[in-house]
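Okay, run-v6.txt now, which holds compact mmCIF, C-alpha atoms and all ligand atoms:
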# COMPACT_ATOMS: atom_id res chain seq x y z
CA MET Y 121 127.83 65.38 129.67
CA LYS Y 122 124.81 67.31 128.39
CA THR Y 123 122.13 68.55 130.78
CA VAL Y 124 118.59 67.89 129.58
CA LEU Y 125 115.37 69.35 130.99
CA ILE Y 126 112.22 67.46 129.98
CA THR Y 127 108.77 68.89 130.75
CA GLY Y 128 105.88 66.57 131.54
CA ALA Y 129 108.19 63.68 132.26
CA SER Y 130 106.20 61.92 134.98
CA ARG Y 131 104.25 59.78 132.51
CA GLY Y 132 104.10 58.61 128.89
CA ILE Y 133 106.46 59.91 126.23
CA GLY Y 134 108.31 62.33 128.52
CA ARG Y 135 108.93 59.62 131.12
CA ASN Y 136 110.37 57.27 128.51
CA ILE Y 137 112.62 60.05 127.17
CA ALA Y 138 113.85 60.77 130.72
CA ILE Y 139 114.70 57.11 131.39
CA GLY Y 140 116.22 56.57 127.93
CA LEU Y 141 118.49 59.62 128.20
CA LYS Y 142 119.48 58.84 131.79
CA ASN Y 143 120.49 55.32 130.70
CA LYS Y 144 122.68 56.89 128.00
CA GLY Y 145 124.51 58.95 130.62
CA TYR Y 146 122.87 62.37 130.18
CA THR Y 147 122.13 64.54 133.21
CA VAL Y 148 118.33 64.61 133.29
CA ILE Y 149 115.88 66.87 135.11
CA ALA Y 150 112.35 65.49 134.83
CA ASN Y 151 109.58 68.03 135.31
CA TYR Y 152 106.17 66.92 136.61
CA ASN Y 153 103.05 68.66 137.82
CA LYS Y 154 100.34 66.43 139.29
CA SER Y 155 101.81 62.91 139.15
CA GLU Y 156 104.07 63.06 142.19
CA LYS Y 157 104.05 59.30 142.84
CA GLN Y 158 105.31 58.50 139.31
CA ALA Y 159 107.89 61.29 139.57
CA LEU Y 160 109.21 59.94 142.87
CA GLU Y 161 109.60 56.52 141.21
CA LEU Y 162 111.84 58.15 138.60
CA LYS Y 163 113.98 59.58 141.37
CA GLU Y 164 114.15 56.40 143.43
CA GLN Y 165 114.45 53.77 140.70
CA TYR Y 166 116.48 55.68 138.10
CA ASN Y 167 118.23 58.37 140.15
CA ILE Y 168 116.67 61.05 137.93
CA ASP Y 169 116.40 64.58 139.33
CA ILE Y 170 112.76 65.71 139.46
CA TYR Y 171 111.17 69.15 139.70
CA LYS Y 172 107.52 70.03 140.28
CA CYS Y 173 106.27 72.91 138.16
CA ASP Y 174 103.13 73.86 136.28
CA VAL Y 175 104.59 74.84 132.91
CA THR Y 176 101.72 77.25 132.25
CA ASN Y 177 102.86 79.47 135.12
CA ARG Y 178 105.67 81.97 134.36
CA ASP Y 179 106.88 82.26 137.96
CA GLU Y 180 107.04 78.49 138.45
CA VAL Y 181 108.85 78.09 135.11
CA LYS Y 182 111.38 80.79 136.10
CA SER Y 183 112.05 78.97 139.39
CA MET Y 184 112.51 75.64 137.56
CA ILE Y 185 115.08 77.11 135.15
CA GLN Y 186 116.89 78.79 138.05
CA TYR Y 187 116.95 75.46 139.91
CA CYS Y 188 118.60 73.78 136.89
CA LEU Y 189 121.17 76.56 136.50
CA ASP Y 190 122.02 76.69 140.23
CA LYS Y 191 122.56 72.94 140.28
CA TYR Y 192 124.03 72.17 136.84
CA GLU Y 193 125.21 75.63 135.59
CA LYS Y 194 123.77 75.10 132.09
CA ILE Y 195 120.86 73.72 130.13
CA ASP Y 196 122.04 72.11 126.89
CA VAL Y 197 118.75 70.57 125.84
CA LEU Y 198 115.12 71.48 126.52
CA VAL Y 199 112.46 68.94 125.57
CA ASN Y 200 109.05 70.64 125.62
CA ASN Y 201 106.85 67.59 126.00
CA ALA Y 202 104.13 68.47 128.55
CA GLY Y 203 100.71 68.44 126.98
CA ILE Y 204 97.04 67.58 127.26
CA SER Y 205 94.41 66.44 124.78
CA GLN Y 206 90.64 66.47 124.71
CA ILE Y 207 88.06 65.01 122.35
CA LYS Y 208 85.08 67.33 121.84
CA LEU Y 209 82.92 68.56 119.01
CA PHE Y 210 84.06 71.98 117.77
CA THR Y 211 80.65 73.45 118.66
CA GLU Y 212 80.97 72.22 122.25
CA ILE Y 213 84.46 73.50 123.07
CA SER Y 214 84.09 76.10 125.85
CA ASP Y 215 86.27 79.17 126.29
CA GLU Y 216 87.84 77.40 129.26
CA ASP Y 217 88.61 74.25 127.19
CA TRP Y 218 90.16 76.41 124.47
CA ASN Y 219 92.25 78.51 126.83
CA ASN Y 220 93.43 75.49 128.78
CA MET Y 221 94.50 73.70 125.59
CA ILE Y 222 96.43 76.69 124.18
CA LYS Y 223 97.97 77.48 127.56
CA THR Y 224 99.19 73.93 128.21
CA ASN Y 225 100.30 72.91 124.71
CA LEU Y 226 101.56 76.21 123.29
CA THR Y 227 102.01 79.03 125.83
CA SER Y 228 103.97 76.63 128.07
CA VAL Y 229 106.54 76.17 125.30
CA PHE Y 230 106.84 79.94 124.88
CA LEU Y 231 107.40 80.37 128.62
CA THR Y 232 109.84 77.51 129.15
CA SER Y 233 111.84 78.23 126.00
CA GLN Y 234 112.03 81.97 126.68
CA GLU Y 235 113.41 81.36 130.17
CA ALA Y 236 115.83 78.61 129.04
CA VAL Y 237 117.26 80.32 125.93
CA LYS Y 238 118.79 83.13 128.00
CA ASN Y 239 121.38 80.60 129.21
CA MET Y 240 121.65 78.93 125.79
CA ILE Y 241 122.31 82.28 124.05
CA HIS Y 242 124.98 83.05 126.65
CA ASN Y 243 126.62 79.67 125.97
CA LYS Y 244 126.13 79.94 122.18
CA ASN Y 245 124.84 76.40 122.33
CA GLY Y 246 121.44 74.78 122.70
CA CYS Y 247 118.93 72.30 121.43
CA ILE Y 248 115.17 72.63 121.83
CA ILE Y 249 112.89 69.75 120.91
CA ASN Y 250 109.14 70.37 120.91
CA ILE Y 251 106.78 67.41 121.03
CA SER Y 252 104.05 68.37 118.59
CA SER Y 253 101.54 66.05 116.86
CA MET Y 254 100.57 64.85 113.40
CA TRP Y 255 97.26 66.67 114.05
CA GLY Y 256 99.19 69.94 114.01
CA GLU Y 257 100.07 69.10 110.40
CA VAL Y 258 96.74 67.84 109.08
CA GLY Y 259 94.11 68.71 111.72
CA ALA Y 260 91.90 66.27 113.61
CA SER Y 261 88.14 66.21 113.70
CA CYS Y 262 86.88 66.63 117.29
CA GLU Y 263 90.31 67.89 118.36
CA THR Y 264 90.27 71.33 116.74
CA HIS Y 265 91.72 73.14 119.77
CA TYR Y 266 94.46 70.50 120.13
CA SER Y 267 95.22 70.71 116.39
CA ALA Y 268 95.37 74.52 116.54
CA ALA Y 269 97.75 74.46 119.51
CA LYS Y 270 100.07 71.96 117.80
CA SER Y 271 99.98 73.90 114.50
CA GLY Y 272 100.96 76.97 116.49
CA LEU Y 273 103.76 74.96 118.05
CA ASN Y 274 105.05 74.04 114.59
CA GLY Y 275 105.07 77.72 113.59
CA LEU Y 276 106.83 78.67 116.82
CA THR Y 277 109.43 75.95 116.18
CA LYS Y 278 110.26 77.22 112.69
CA ALA Y 279 110.34 80.89 113.67
CA MET Y 280 112.53 80.25 116.72
CA ALA Y 281 114.90 78.16 114.58
CA LYS Y 282 115.35 81.12 112.21
CA GLU Y 283 115.91 83.64 115.00
CA LEU Y 284 118.15 81.54 117.24
CA GLY Y 285 120.31 79.83 114.63
CA LEU Y 286 123.00 82.49 114.89
CA SER Y 287 123.33 81.65 118.58
CA ASN Y 288 123.92 78.01 117.62
CA ILE Y 289 120.57 76.96 119.05
CA ARG Y 290 118.75 74.28 117.07
CA VAL Y 291 114.95 74.16 117.40
CA ASN Y 292 113.01 71.20 116.04
CA ALA Y 293 109.71 69.45 116.64
CA ILE Y 294 108.71 65.82 116.57
CA ALA Y 295 105.16 65.17 115.39
CA PRO Y 296 104.11 61.74 116.71
CA GLY Y 297 101.17 59.76 115.41
CA VAL Y 298 99.23 57.49 117.76
CA ILE Y 299 101.52 56.45 120.62
CA ASP Y 300 100.61 54.01 123.40
CA THR Y 301 100.26 56.25 126.51
CA ASP Y 302 97.61 57.36 129.01
CA MET Y 303 96.62 60.07 126.53
CA ASN Y 304 94.94 57.44 124.35
CA LYS Y 305 93.30 55.51 127.20
CA VAL Y 306 90.03 57.27 126.36
CA LEU Y 307 89.96 55.38 123.04
CA SER Y 308 88.12 52.03 122.93
CA THR Y 309 89.82 48.87 121.65
CA GLU Y 310 87.54 49.10 118.63
CA THR Y 311 88.73 52.66 117.85
CA ILE Y 312 92.37 51.62 118.31
CA ASN Y 313 91.86 48.74 115.86
CA GLU Y 314 90.24 51.10 113.35
CA LEU Y 315 93.16 53.51 113.73
CA LYS Y 316 95.65 50.67 113.11
CA GLN Y 317 93.96 50.00 109.79
CA GLU Y 318 94.67 53.59 108.74
CA ILE Y 319 98.38 53.19 109.56
CA PRO Y 320 100.52 51.70 106.77
CA LEU Y 321 102.77 49.98 109.35
CA ASN Y 322 99.57 48.63 110.95
CA LYS Y 323 100.63 49.26 114.54
CA ILE Y 324 100.43 51.85 117.29
CA GLY Y 325 103.72 53.60 118.11
CA LYS Y 326 105.71 53.11 121.31
CA THR Y 327 107.21 55.82 123.49
CA GLU Y 328 110.65 54.38 122.58
CA ASP Y 329 110.05 55.36 118.95
CA ILE Y 330 109.95 59.02 120.01
CA CYS Y 331 112.88 58.71 122.42
CA LYS Y 332 115.16 57.40 119.63
CA CYS Y 333 114.48 60.52 117.56
CA VAL Y 334 115.10 62.80 120.57
CA GLU Y 335 118.48 61.12 121.10
CA TRP Y 336 119.34 61.61 117.45
CA LEU Y 337 118.32 65.29 117.46
CA ILE Y 338 120.40 65.96 120.58
CA GLU Y 339 123.57 64.63 118.96
CA ASP Y 340 122.91 66.13 115.51
CA ASN Y 341 124.60 69.39 114.45
CA TYR Y 342 122.89 70.58 111.30
CA THR Y 343 119.13 70.01 111.63
CA THR Y 344 116.95 72.94 112.64
CA GLY Y 345 113.43 74.22 112.02
CA GLN Y 346 112.14 70.78 111.10
CA ILE Y 347 108.93 69.02 112.05
CA ILE Y 348 109.85 65.34 112.09
CA SER Y 349 106.87 63.02 111.60
CA ILE Y 350 106.90 59.67 113.41
CA ASN Y 351 103.53 58.13 112.73
CA GLY Y 352 103.89 54.72 111.07
CA GLY Y 353 102.97 56.37 107.79
CA MET Y 354 99.54 57.58 108.97
CA VAL Y 355 100.30 61.00 107.49
CA ILE Y 356 102.19 60.87 104.21
P1 LIG R 1 100.43 61.65 128.94
O1 LIG R 1 100.81 60.23 129.10
O2 LIG R 1 99.02 62.07 129.23
O3 LIG R 1 101.46 62.54 129.80
C1 LIG R 1 101.33 63.94 129.79
C2 LIG R 1 102.44 64.54 130.61
O4 LIG R 1 102.31 65.97 130.54
C3 LIG R 1 102.38 64.14 132.08
O5 LIG R 1 103.66 63.83 132.54
C4 LIG R 1 101.84 65.41 132.77
O6 LIG R 1 102.39 65.60 134.07
C5 LIG R 1 102.40 66.50 131.85
N1 LIG R 1 101.67 67.78 131.99
C6 LIG R 1 100.42 68.08 131.60
N2 LIG R 1 100.11 69.35 131.96
C7 LIG R 1 101.22 69.84 132.59
C8 LIG R 1 101.52 71.08 133.19
N3 LIG R 1 100.63 72.10 133.23
N4 LIG R 1 102.76 71.25 133.74
C9 LIG R 1 103.68 70.24 133.72
N5 LIG R 1 103.43 69.04 133.17
C10 LIG R 1 102.20 68.84 132.63
O7 LIG R 1 100.70 62.14 127.45
P2 LIG R 1 101.74 61.64 126.34
O8 LIG R 1 101.01 60.80 125.38
O9 LIG R 1 102.98 61.15 126.96
O10 LIG R 1 102.00 63.05 125.61
C11 LIG R 1 103.22 63.75 125.70
C12 LIG R 1 103.29 64.77 124.57
O11 LIG R 1 103.20 64.06 123.33
C13 LIG R 1 102.14 65.76 124.57
O12 LIG R 1 102.61 67.04 124.19
C14 LIG R 1 101.19 65.23 123.52
O13 LIG R 1 100.40 66.22 122.93
C15 LIG R 1 102.18 64.63 122.52
N6 LIG R 1 101.61 63.60 121.64
C16 LIG R 1 101.13 62.43 122.15
C17 LIG R 1 100.59 61.49 121.26
C18 LIG R 1 100.04 60.17 121.73
O14 LIG R 1 99.42 59.46 120.91
N7 LIG R 1 100.24 59.75 122.96
C19 LIG R 1 100.53 61.76 119.89
C20 LIG R 1 101.02 62.98 119.43
C21 LIG R 1 101.56 63.89 120.32
P3 LIG R 1 101.54 65.36 135.44
O15 LIG R 1 100.75 64.09 135.25
O16 LIG R 1 102.63 65.24 136.46
O17 LIG R 1 100.68 66.57 135.65

Full structure transcribed into structure tokens:
Amino acid sequence: MKTVLITGASRGIGRNIAIGLKNKGYTVIANYNKSEKQALELKEQYNIDIYKCDVTNRDEVKSMIQYCLDKYEKIDVLVNNAGISQIKLFTEISDEDWNNMIKTNLTSVFLTSQEAVKNMIHNKNGCIINISSMWGEVGASCETHYSAAKSGLNGLTKAMAKELGLSNIRVNAIAPGVIDTDMNKVLSTETINELKQEIPLNKIGKTEDICKCVEWLIEDNYTTGQIISINGGMVI
């Protein structure tokens, strides 16, 4: 059975992917950073292997990949899901805000993928799925640093797909629209209702909607370099 490492799997989309894949019989390693309590629940309730690591730190990432290889001998699938968001006017974004956003949403994917592909190249087999955002495609007002990081992630996805295809490694991204997780808890009910009106399917997405696409990408053979939009039609 395939071994899947998911970053940022303590909460939200990553957590749902971890539980969904575990229920389908995959071997899952769920990475977390700060949310230890939620991670321990994954271990106790779902028997999912967990690993604490800040994905912005090269040494910690190296140790996480080594842990997976020592225990499972291979990494078939890497889901780069860990991320943060922030709503701020462009003129008020500090250097620290900018660097933190790029480091967490983009550099982390560079680090984790670079460490994991060594094993995938050796095995001539691999699947990398990056969780991007519709804002990486069209840009969001008051989320310019987030949009820039996710656009960068889309570019990284396409370029890696071209370079790693010969090693039979598929690299794709999923670009979700508005999904019901902690990330959107900052939004008022009024804002959520306004957003729904902009969505042709007139509803907010669920974490399960993203998990289904991850499952499909894992089992697919011939899709690479794609940014798959799952947003209820908000971006067409
Ligand atoms: P969330 O509920 O806030 O969860 C974020 C996850 O990322 C947490 O598990 C958190 O782990 C982890 N994380 C953050 N920084 C980390 C770090 N330095 N190292 C390791 N893990 C870290 O967010 P979400 O909505 O599930 O978002 C997941 C992904 O989907 C993100 O990349 C986000 O940009 C993308 N996305 C979300 C939406 C949406 O509407 N929700 C839309 C488009 C794209 P700890 O709590 O353990 O630190």

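Interatomic distance, CA of Gly353 (chain Y) against CA of Phe230 (chain Y): 29.4 Å.
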
* To do: Would you work out the distance separating CA of Lys172 (chain Y) from CA of Leu337 (chain Y), expressed in Å to one decimal?
  =>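 Spanning CA of Lys172 (chain Y) to CA of Leu337 (chain Y) is a straight-line distance of 25.7 Å.
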
* Please check which protein, DNA or RNA residues sit within 6 Å of ligand LIG 1 (chain R), counting only C-alpha atoms and all ligand atoms, and write them as a ChimeraX atom specification. => /Y:127-134,152-155,173-176,201-204,224,251-253,296-304

May I have the residues from that selection written out with C-alpha atoms, as a PDB file, keeping the file's coordinate frame?
ATOM      1  CA  THR Y 127     108.770  68.890 130.750  1.00  0.00           C
ATOM      2  CA  GLY Y 128     105.880  66.570 131.540  1.00  0.00           C
ATOM      3  CA  ALA Y 129     108.190  63.680 132.260  1.00  0.00           C
ATOM      4  CA  SER Y 130     106.200  61.920 134.980  1.00  0.00           C
ATOM      5  CA  ARG Y 131     104.250  59.780 132.510  1.00  0.00           C
ATOM      6  CA  GLY Y 132     104.100  58.610 128.890  1.00  0.00           C
ATOM      7  CA  ILE Y 133     106.460  59.910 126.230  1.00  0.00           C
ATOM      8  CA  GLY Y 134     108.310  62.330 128.520  1.00  0.00           C
ATOM      9  CA  TYR Y 152     106.170  66.920 136.610  1.00  0.00           C
ATOM     10  CA  ASN Y 153     103.050  68.660 137.820  1.00  0.00           C
ATOM     11  CA  LYS Y 154     100.340  66.430 139.290  1.00  0.00           C
ATOM     12  CA  SER Y 155     101.810  62.910 139.150  1.00  0.00           C
ATOM     13  CA  CYS Y 173     106.270  72.910 138.160  1.00  0.00           C
ATOM     14  CA  ASP Y 174     103.130  73.860 136.280  1.00  0.00           C
ATOM     15  CA  VAL Y 175     104.590  74.840 132.910  1.00  0.00           C
ATOM     16  CA  THR Y 176     101.720  77.250 132.250  1.00  0.00           C
ATOM     17  CA  ASN Y 201     106.850  67.590 126.000  1.00  0.00           C
ATOM     18  CA  ALA Y 202     104.130  68.470 128.550  1.00  0.00           C
ATOM     19  CA  GLY Y 203     100.710  68.440 126.980  1.00  0.00           C
ATOM     20  CA  ILE Y 204      97.040  67.580 127.260  1.00  0.00           C
ATOM     21  CA  THR Y 224      99.190  73.930 128.210  1.00  0.00           C
ATOM     22  CA  ILE Y 251     106.780  67.410 121.030  1.00  0.00           C
ATOM     23  CA  SER Y 252     104.050  68.370 118.590  1.00  0.00           C
ATOM     24  CA  SER Y 253     101.540  66.050 116.860  1.00  0.00           C
ATOM     25  CA  PRO Y 296     104.110  61.740 116.710  1.00  0.00           C
ATOM     26  CA  GLY Y 297     101.170  59.760 115.410  1.00  0.00           C
ATOM     27  CA  VAL Y 298      99.230  57.490 117.760  1.00  0.00           C
ATOM     28  CA  ILE Y 299     101.520  56.450 120.620  1.00  0.00           C
ATOM     29  CA  ASP Y 300     100.610  54.010 123.400  1.00  0.00           C
ATOM     30  CA  THR Y 301     100.260  56.250 126.510  1.00  0.00           C
ATOM     31  CA  ASP Y 302      97.610  57.360 129.010  1.00  0.00           C
ATOM     32  CA  MET Y 303      96.620  60.070 126.530  1.00  0.00           C
ATOM     33  CA  ASN Y 304      94.940  57.440 124.350  1.00  0.00           C
TER      34      ASN Y 304
END

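Nearest residue to Gly259 (chain Y), choosing from Y:Val181, Y:Asp196, Y:Glu283, Y:Val355 and counting only C-alpha atoms: Y:Val355.
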
* **Surrounding residues of region 142-146 of chain Y excluding itself and chain neighbours under 3 positions, 6 Å, all atoms listed in the file, as a VMD selection string** => chain Y and resid 121 to 122 139

* To do: For Phe210 (chain Y), work out the shell of residues within 9 Å, counting all atoms listed in the file and skipping chain neighbours fewer than 6 positions away, then give it as a VMD selection string.
  => chain Y and resid 261 to 265

* Among the residues Y:Leu125, Y:Leu273, Y:Leu141, Y:Ile185, the one that comes closest to Tyr166 (chain Y) [using all atoms listed in the file] ->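 That would be Y:Leu141, the residue with the smallest distance to Tyr166 (chain Y).
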
* **CA of Ile294 (chain Y) to CA of Cys333 (chain Y), straight-line distance in Å** =>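 Here the two named atoms are 7.9 Å from each other.
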
* To do: Considering all atoms listed in the file, state which residue in the set Y:Lys191, Y:Lys282, Y:Lys316, Y:Lys270 is at the smallest distance from Thr123 (chain Y).
  =>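 Once distances to Thr123 (chain Y) are computed over all atoms listed in the file, the minimum belongs to Y:Lys191.
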
* For Glu328 (chain Y), please output as a VMD selection string all residues within 8 Å (counting all atoms listed in the file; exclusion window: fewer than 4 positions along the same chain). => chain Y and resid 133 136 to 137 332
